[in-house]
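This report refers to the structure that appears directly beneath it.
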Amino acid sequence: MFHPREMLESSKVFQVQGYPYNVAELIRLYLESAAKEHAHNPEGKQVIEHLFTSIEWKYQCSECDKFSHARARESVIKVCGQQARCLARQLEDYLERRTCVCGAVIQTKPIKAVGGEFLFIEVDRFRYLKDQGKFELCLYPLQLEEDF
């Protein structure tokens, strides 16, 4: 059985040299470790399914005519927060826009989504300023609603 205090005692429990500074990466590391721990027993597989959300998209690029089938199985999704928009809009962009390998942005909707008990959302608000060679943190209200 996995005990959270083990996380504080040693990073070797997670088979890493050190802990990531990014909180979202730390949550991913913890949940991936818990999933591996339970993967080998039948009851554990049910636990694993509650930790992750699976989403699938199928789309065809209008630029290069490539057909793609994309899958995401995540406990933490990362949405681009470089522009001031409400969280609902950022989630909509994550779900309904895919980027083709040619770079074109395609409007699409998921064909399948199976939700876990919870899903963490990381809003990436860092913007790289090429002309200055540094990062800027964009701060703005997320205009949170009661449900999503």
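Residues in the structure tokens are numbered from 1 in each chain, the chains being A, B, ... in the order shown, and ligands are numbered from 1 in the order shown.
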List every residue of region 26-144 of chain A that DSSP, applied to the backbone, labels as strand (DSSP E or B), and write the result as number ranges by chain.
-> A: 53-60, 67-74, 76-80, 97-99, 105-107, 112-114, 120-124, 126-129, 134-137
Per residue of region 68-105 of chain A within 10 Å of region 41-59 of chain A, note the shortest atom pair and the distance in Å to one decimal, counting only C-alpha atoms, and order the rows by chain and increasing residue number, as JSON lines.
```
{"residue": "A:Ser68", "atom": "CA", "partner": "A:Tyr59", "partner_atom": "CA", "distance": 5.5}
{"residue": "A:His69", "atom": "CA", "partner": "A:Lys58", "partner_atom": "CA", "distance": 4.5}
{"residue": "A:Ala70", "atom": "CA", "partner": "A:Trp57", "partner_atom": "CA", "distance": 5.2}
{"residue": "A:Arg71", "atom": "CA", "partner": "A:Glu56", "partner_atom": "CA", "distance": 4.4}
{"residue": "A:Ala72", "atom": "CA", "partner": "A:Ile55", "partner_atom": "CA", "distance": 5.2}
{"residue": "A:Arg73", "atom": "CA", "partner": "A:Ser54", "partner_atom": "CA", "distance": 4.3}
{"residue": "A:Glu74", "atom": "CA", "partner": "A:Phe52", "partner_atom": "CA", "distance": 5.2}
{"residue": "A:Ser75", "atom": "CA", "partner": "A:Phe52", "partner_atom": "CA", "distance": 4.7}
{"residue": "A:Val76", "atom": "CA", "partner": "A:Phe52", "partner_atom": "CA", "distance": 8.3}
{"residue": "A:Ile77", "atom": "CA", "partner": "A:Thr53", "partner_atom": "CA", "distance": 9.2}
{"residue": "A:Leu95", "atom": "CA", "partner": "A:Ile55", "partner_atom": "CA", "distance": 8.6}
{"residue": "A:Glu96", "atom": "CA", "partner": "A:Trp57", "partner_atom": "CA", "distance": 9.0}
{"residue": "A:Arg97", "atom": "CA", "partner": "A:Trp57", "partner_atom": "CA", "distance": 9.7}
{"residue": "A:Arg98", "atom": "CA", "partner": "A:Trp57", "partner_atom": "CA", "distance": 8.5}
{"residue": "A:Cys100", "atom": "CA", "partner": "A:Tyr59", "partner_atom": "CA", "distance": 9.2}
```
Let's have the selection written as a compact mmCIF listing (two decimals), in the first residue's frame, with N, CA, C and O atoms.
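File produced: part33.txt:
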```
# COMPACT_ATOMS: atom_id res chain seq x y z
N SER A 68 -5.99 12.07 -38.49
CA SER A 68 -5.35 11.80 -37.20
C SER A 68 -6.36 11.26 -36.19
O SER A 68 -7.53 11.61 -36.22
N HIS A 69 -5.84 10.42 -35.33
CA HIS A 69 -6.61 9.88 -34.20
C HIS A 69 -5.75 10.15 -32.97
O HIS A 69 -4.68 9.56 -32.81
N ALA A 70 -6.20 11.05 -32.12
CA ALA A 70 -5.42 11.44 -30.94
C ALA A 70 -6.12 10.96 -29.68
O ALA A 70 -7.35 10.97 -29.60
N ARG A 71 -5.32 10.53 -28.71
CA ARG A 71 -5.84 10.10 -27.42
C ARG A 71 -5.07 10.79 -26.31
O ARG A 71 -3.87 10.98 -26.41
N ALA A 72 -5.79 11.11 -25.25
CA ALA A 72 -5.15 11.65 -24.06
C ALA A 72 -5.70 10.88 -22.86
O ALA A 72 -6.90 10.68 -22.74
N ARG A 73 -4.81 10.40 -22.02
CA ARG A 73 -5.19 9.72 -20.78
C ARG A 73 -4.43 10.45 -19.68
O ARG A 73 -3.24 10.23 -19.49
N GLU A 74 -5.13 11.34 -19.02
CA GLU A 74 -4.47 12.27 -18.10
C GLU A 74 -5.16 12.34 -16.76
O GLU A 74 -6.35 12.12 -16.64
N SER A 75 -4.39 12.70 -15.77
CA SER A 75 -4.92 13.06 -14.46
C SER A 75 -4.82 14.57 -14.28
O SER A 75 -5.54 15.16 -13.50
N VAL A 76 -3.90 15.18 -15.05
CA VAL A 76 -3.72 16.63 -15.04
C VAL A 76 -3.66 17.08 -16.50
O VAL A 76 -2.80 16.64 -17.24
N ILE A 77 -4.60 17.93 -16.91
CA ILE A 77 -4.53 18.46 -18.27
C ILE A 77 -3.94 19.86 -18.21
O ILE A 77 -4.11 20.59 -17.23
N LEU A 95 -10.49 21.13 -25.55
CA LEU A 95 -11.31 20.03 -26.04
C LEU A 95 -11.63 20.12 -27.53
O LEU A 95 -11.77 19.10 -28.19
N GLU A 96 -11.73 21.32 -28.07
CA GLU A 96 -12.24 21.48 -29.43
C GLU A 96 -11.23 21.96 -30.45
O GLU A 96 -11.57 22.23 -31.59
N ARG A 97 -9.97 22.07 -30.07
CA ARG A 97 -8.92 22.47 -31.02
C ARG A 97 -7.74 21.51 -30.92
O ARG A 97 -7.22 21.29 -29.83
N ARG A 98 -7.33 21.00 -32.02
CA ARG A 98 -6.16 20.13 -32.10
C ARG A 98 -5.18 20.75 -33.09
O ARG A 98 -5.60 21.39 -34.06
N CYS A 100 -2.37 19.99 -35.89
CA CYS A 100 -1.85 18.95 -36.79
C CYS A 100 -0.32 19.01 -36.79
O CYS A 100 0.28 20.02 -36.40
```
Pull the helix (DSSP H, G or I) assignments for region 11-93 of chain A out of DSSP run on the backbone, and list those residues as a VMD selection string.
-> chain A and resid 11 to 14 23 to 38 42 to 51 87 to 93
N, CA, C and O atoms of the current selection, written as a compact mmCIF listing (two decimals), in the first residue's frame:
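Saved the output as part.txt:
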```
# COMPACT_ATOMS: atom_id res chain seq x y z
N SER A 11 12.72 10.54 -2.56
CA SER A 11 12.29 10.62 -3.96
C SER A 11 12.53 9.29 -4.67
O SER A 11 12.01 9.06 -5.75
N LYS A 12 13.29 8.38 -4.05
CA LYS A 12 13.55 7.07 -4.65
C LYS A 12 12.28 6.23 -4.75
O LYS A 12 12.18 5.34 -5.57
N VAL A 13 11.30 6.53 -3.91
CA VAL A 13 10.01 5.83 -3.97
C VAL A 13 9.42 6.01 -5.37
O VAL A 13 8.82 5.10 -5.92
N PHE A 14 9.62 7.19 -5.96
CA PHE A 14 9.08 7.49 -7.28
C PHE A 14 10.09 7.21 -8.40
O PHE A 14 9.83 7.52 -9.54
N VAL A 23 4.13 22.15 -9.50
CA VAL A 23 3.14 21.41 -8.71
C VAL A 23 2.38 20.41 -9.57
O VAL A 23 2.12 19.28 -9.15
N ALA A 24 2.03 20.79 -10.81
CA ALA A 24 1.31 19.87 -11.70
C ALA A 24 2.14 18.62 -11.99
O ALA A 24 1.61 17.50 -12.02
N GLU A 25 3.44 18.79 -12.19
CA GLU A 25 4.32 17.63 -12.44
C GLU A 25 4.40 16.74 -11.20
O GLU A 25 4.46 15.53 -11.31
N LEU A 26 4.41 17.34 -10.02
CA LEU A 26 4.43 16.58 -8.78
C LEU A 26 3.14 15.76 -8.62
O LEU A 26 3.18 14.59 -8.24
N ILE A 27 2.00 16.35 -8.95
CA ILE A 27 0.72 15.62 -8.89
C ILE A 27 0.73 14.48 -9.89
O ILE A 27 0.33 13.36 -9.57
N ARG A 28 1.21 14.74 -11.11
CA ARG A 28 1.32 13.68 -12.12
C ARG A 28 2.20 12.53 -11.61
O ARG A 28 1.85 11.37 -11.75
N LEU A 29 3.33 12.88 -11.03
CA LEU A 29 4.26 11.88 -10.52
C LEU A 29 3.61 11.02 -9.44
O LEU A 29 3.71 9.79 -9.46
N TYR A 30 2.91 11.65 -8.53
CA TYR A 30 2.22 10.94 -7.44
C TYR A 30 1.16 10.00 -8.00
O TYR A 30 1.08 8.84 -7.62
N LEU A 31 0.31 10.49 -8.91
CA LEU A 31 -0.78 9.67 -9.44
C LEU A 31 -0.26 8.54 -10.34
O LEU A 31 -0.80 7.44 -10.32
N GLU A 32 0.78 8.81 -11.11
CA GLU A 32 1.39 7.74 -11.94
C GLU A 32 1.96 6.64 -11.04
O GLU A 32 1.83 5.46 -11.33
N SER A 33 2.58 7.04 -9.95
CA SER A 33 3.13 6.07 -9.00
C SER A 33 2.03 5.23 -8.38
O SER A 33 2.15 4.02 -8.26
N ALA A 34 0.94 5.88 -7.97
CA ALA A 34 -0.18 5.15 -7.38
C ALA A 34 -0.79 4.20 -8.40
O ALA A 34 -1.17 3.08 -8.07
N ALA A 35 -0.87 4.62 -9.67
CA ALA A 35 -1.42 3.77 -10.72
C ALA A 35 -0.54 2.54 -10.94
O ALA A 35 -1.06 1.42 -11.08
N LYS A 36 0.78 2.71 -10.95
CA LYS A 36 1.69 1.57 -11.12
C LYS A 36 1.56 0.60 -9.96
O LYS A 36 1.63 -0.61 -10.13
N GLU A 37 1.40 1.14 -8.76
CA GLU A 37 1.28 0.30 -7.56
C GLU A 37 0.07 -0.63 -7.64
O GLU A 37 0.12 -1.76 -7.20
N HIS A 38 -1.03 -0.14 -8.22
CA HIS A 38 -2.28 -0.91 -8.26
C HIS A 38 -2.52 -1.64 -9.58
O HIS A 38 -3.53 -2.31 -9.73
N PRO A 42 -6.64 -7.08 -9.71
CA PRO A 42 -7.93 -6.74 -10.32
C PRO A 42 -8.63 -5.55 -9.69
O PRO A 42 -9.20 -4.71 -10.40
N GLU A 43 -8.61 -5.45 -8.37
CA GLU A 43 -9.25 -4.30 -7.72
C GLU A 43 -8.48 -3.02 -8.02
O GLU A 43 -9.05 -1.94 -8.11
N GLY A 44 -7.19 -3.16 -8.19
CA GLY A 44 -6.35 -2.00 -8.48
C GLY A 44 -6.66 -1.37 -9.83
O GLY A 44 -6.56 -0.16 -9.99
N LYS A 45 -7.07 -2.18 -10.80
CA LYS A 45 -7.40 -1.64 -12.12
C LYS A 45 -8.60 -0.71 -12.04
O LYS A 45 -8.67 0.29 -12.75
N GLN A 46 -9.54 -1.00 -11.14
CA GLN A 46 -10.69 -0.10 -10.95
C GLN A 46 -10.23 1.21 -10.32
O GLN A 46 -10.72 2.28 -10.67
N VAL A 47 -9.27 1.12 -9.40
CA VAL A 47 -8.73 2.33 -8.77
C VAL A 47 -8.06 3.20 -9.82
O VAL A 47 -8.25 4.42 -9.87
N ILE A 48 -7.29 2.57 -10.71
CA ILE A 48 -6.57 3.29 -11.76
C ILE A 48 -7.54 4.05 -12.66
O ILE A 48 -7.32 5.20 -13.02
N GLU A 49 -8.64 3.41 -13.04
CA GLU A 49 -9.60 4.05 -13.92
C GLU A 49 -10.20 5.30 -13.30
O GLU A 49 -10.57 6.22 -14.01
N HIS A 50 -10.28 5.36 -11.99
CA HIS A 50 -10.83 6.55 -11.32
C HIS A 50 -9.80 7.68 -11.23
O HIS A 50 -10.17 8.81 -10.94
N LEU A 51 -8.53 7.36 -11.47
CA LEU A 51 -7.49 8.39 -11.39
C LEU A 51 -7.32 9.18 -12.68
O LEU A 51 -6.76 10.27 -12.67
N LEU A 87 -11.77 30.45 -17.64
CA LEU A 87 -11.39 29.04 -17.63
C LEU A 87 -12.29 28.21 -18.54
O LEU A 87 -11.81 27.30 -19.22
N ALA A 88 -13.57 28.53 -18.60
CA ALA A 88 -14.49 27.78 -19.48
C ALA A 88 -14.03 27.86 -20.93
O ALA A 88 -14.04 26.85 -21.65
N ARG A 89 -13.58 29.01 -21.38
CA ARG A 89 -13.11 29.18 -22.76
C ARG A 89 -11.81 28.40 -22.98
O ARG A 89 -11.58 27.80 -24.02
N GLN A 90 -10.93 28.41 -21.99
CA GLN A 90 -9.67 27.68 -22.11
C GLN A 90 -9.91 26.17 -22.20
O GLN A 90 -9.27 25.47 -22.97
N LEU A 91 -10.86 25.67 -21.40
CA LEU A 91 -11.21 24.25 -21.47
C LEU A 91 -11.85 23.91 -22.82
O LEU A 91 -11.57 22.86 -23.40
N GLU A 92 -12.69 24.80 -23.31
CA GLU A 92 -13.31 24.60 -24.62
C GLU A 92 -12.23 24.51 -25.71
O GLU A 92 -12.29 23.65 -26.59
N ASP A 93 -11.23 25.39 -25.66
CA ASP A 93 -10.13 25.34 -26.62
C ASP A 93 -9.36 24.03 -26.52
O ASP A 93 -8.97 23.45 -27.53
```
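Note that the spacing between CA of Asp124 (chain A) and CA of Tyr94 (chain A) amounts to 12.1 Å.
CA of Val123 (chain A) lies 20.2 Å from CA of Pro110 (chain A).
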